[in-house]
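Chemist: Handing you this structure, nothing more for now.
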Amino acid sequence: MIADGFEGALDRTAAGLAAMGAGDARPYQECWARDDGVTLFGAFGTIEQGHGDVMATLDWVASRFSDGTLVPEYETVHVGEDVAFTVGFERGVLRVDGGKPTELTIRVTHVYRRIDDAWCIVHRHGDHPPALAARPRLGA
């Protein structure tokens with residue numbers, strides 16, 4: 001069980017990501033704090049700070065996506081009193097820039113802050129996982 005209403009924030013984020021994959025940024029944008037301290041380190045190489053710039057970048061990203069969805073898969077969820085974070089992946093099949101449907105995997109960390117009893121995203125870092133060979137295990 002996830003504490004203090006944070007499960008609702010995860011549900012809203014999942015719905016927002018699904019909409020992003022279909023080309024609609026608005027539901028995901030509504031998950032973000034309306035604060036000039038928000039930051040985005042995006043998987044397309046963008047680095048933004050401030051609500052207006054982050055929202056404009058999310059509009060641009062959504063405009064590149066169509067006919068798909070993104071689904072979060074969490075490896076770690078940590079909830080503190082006023083700060084929480086998730087670490088995991090977003091996976092889906094969608095069209096990028098009108099191309100053919102393609103599988104997309106993004107490694108993502110979200111940082112949330114509780115603001116007026118609502119959990120809001122204040123930072124996102126996403127990147128494309130490197131294609132690395134598995135690290136040998138010690139003692140194997």
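Order determines the names: the first chain of the structure tokens is A, the second B, and so forth; residues in each chain are numbered 1 upward, and ligands are numbered 1 upward as they are shown.
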Where does DSSP see strand (DSSP E) in stretch 8-123 of chain A, if you list the residues as a VMD selection string?

Modeler: chain A and resid 39 to 41 47 to 49 65 to 66 71 to 79 83 to 96 102 to 115 118 to 123

Chemist: Create the file for the chosen residues now, containing C-alpha atoms and written as a PDB file, in the first residue's frame.

Modeler:
ATOM      1  CA  THR A  39      12.758  20.760 -14.045  1.00  0.00           C
ATOM      2  CA  LEU A  40      12.797  18.344 -16.966  1.00  0.00           C
ATOM      3  CA  PHE A  41      15.766  16.388 -18.280  1.00  0.00           C
ATOM      4  CA  ILE A  47      16.819  20.345 -20.350  1.00  0.00           C
ATOM      5  CA  GLU A  48      14.172  22.755 -19.103  1.00  0.00           C
ATOM      6  CA  GLN A  49      13.431  24.713 -15.948  1.00  0.00           C
ATOM      7  CA  PHE A  65       3.828  10.861 -30.662  1.00  0.00           C
ATOM      8  CA  SER A  66       0.664   9.267 -32.040  1.00  0.00           C
ATOM      9  CA  VAL A  71       2.860   2.529 -19.477  1.00  0.00           C
ATOM     10  CA  PRO A  72       4.975   3.108 -16.348  1.00  0.00           C
ATOM     11  CA  GLU A  73       6.714   0.165 -14.684  1.00  0.00           C
ATOM     12  CA  TYR A  74       8.170   1.072 -11.300  1.00  0.00           C
ATOM     13  CA  GLU A  75      11.308  -0.532  -9.898  1.00  0.00           C
ATOM     14  CA  THR A  76      11.278   1.739  -6.827  1.00  0.00           C
ATOM     15  CA  VAL A  77       8.613   3.907  -5.233  1.00  0.00           C
ATOM     16  CA  HIS A  78       9.580   5.877  -2.134  1.00  0.00           C
ATOM     17  CA  VAL A  79       7.170   8.162  -0.317  1.00  0.00           C
ATOM     18  CA  VAL A  83       8.673  14.356  -1.103  1.00  0.00           C
ATOM     19  CA  ALA A  84       8.387  11.137  -3.092  1.00  0.00           C
ATOM     20  CA  PHE A  85      10.147   9.582  -6.049  1.00  0.00           C
ATOM     21  CA  THR A  86       9.699   6.784  -8.543  1.00  0.00           C
ATOM     22  CA  VAL A  87      12.367   5.001 -10.565  1.00  0.00           C
ATOM     23  CA  GLY A  88      11.551   2.697 -13.436  1.00  0.00           C
ATOM     24  CA  PHE A  89      10.640   2.475 -17.081  1.00  0.00           C
ATOM     25  CA  GLU A  90       7.983   3.706 -19.465  1.00  0.00           C
ATOM     26  CA  ARG A  91       7.230   1.249 -22.232  1.00  0.00           C
ATOM     27  CA  GLY A  92       4.881   1.317 -25.150  1.00  0.00           C
ATOM     28  CA  VAL A  93       4.287   0.997 -28.846  1.00  0.00           C
ATOM     29  CA  LEU A  94       3.601   4.241 -30.696  1.00  0.00           C
ATOM     30  CA  ARG A  95       4.435   6.260 -33.758  1.00  0.00           C
ATOM     31  CA  VAL A  96       7.191   8.869 -33.503  1.00  0.00           C
ATOM     32  CA  THR A 102       7.749   1.248 -32.842  1.00  0.00           C
ATOM     33  CA  GLU A 103       8.523  -0.063 -29.384  1.00  0.00           C
ATOM     34  CA  LEU A 104       9.792   2.621 -27.038  1.00  0.00           C
ATOM     35  CA  THR A 105      11.462   2.167 -23.651  1.00  0.00           C
ATOM     36  CA  ILE A 106      12.518   5.122 -21.521  1.00  0.00           C
ATOM     37  CA  ARG A 107      14.267   4.939 -18.131  1.00  0.00           C
ATOM     38  CA  VAL A 108      12.565   7.481 -15.906  1.00  0.00           C
ATOM     39  CA  THR A 109      12.882   9.051 -12.486  1.00  0.00           C
ATOM     40  CA  HIS A 110      10.077  11.301 -11.268  1.00  0.00           C
ATOM     41  CA  VAL A 111      10.342  13.451  -8.150  1.00  0.00           C
ATOM     42  CA  TYR A 112       7.065  14.529  -6.550  1.00  0.00           C
ATOM     43  CA  ARG A 113       6.351  17.114  -3.878  1.00  0.00           C
ATOM     44  CA  ARG A 114       3.217  17.393  -1.780  1.00  0.00           C
ATOM     45  CA  ILE A 115       1.730  20.833  -2.395  1.00  0.00           C
ATOM     46  CA  ALA A 118      -1.751  17.106  -3.681  1.00  0.00           C
ATOM     47  CA  TRP A 119       1.264  15.198  -4.998  1.00  0.00           C
ATOM     48  CA  CYS A 120       2.752  17.012  -8.007  1.00  0.00           C
ATOM     49  CA  ILE A 121       5.712  16.210 -10.243  1.00  0.00           C
ATOM     50  CA  VAL A 122       8.572  18.668  -9.739  1.00  0.00           C
ATOM     51  CA  HIS A 123      11.293  16.861 -11.716  1.00  0.00           C
TER      52      HIS A 123
END

Chemist: I need the residues of stretch 54-98 of chain A that end up classed as helix (DSSP H, G or I) by DSSP on the backbone, written out as a PyMOL selection string.

Modeler: chain A and resi 54-64

Chemist: From the set A:Thr57, A:Asp82, A:Leu17, A:Arg64, which residue has the shortest atom-to-atom contact distance to A:Gly45, counting only C-alpha atoms?

Modeler: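 Nearest to A:Gly45: A:Thr57.
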
Chemist: In Å, with one decimal, what is the gap from atom CA of A:Ala19 to atom CA of A:Asp67?

Modeler: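 Between atom CA of A:Ala19 and atom CA of A:Asp67 the gap works out to 9.8 Å.
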
Chemist: Using only C-alpha atoms, which of A:Asp117, A:Ala22, A:Pro27, A:Ala33 sits nearest A:Glu81?

Modeler: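 Checking each candidate against A:Glu81, we get A:Asp117 as the closest.
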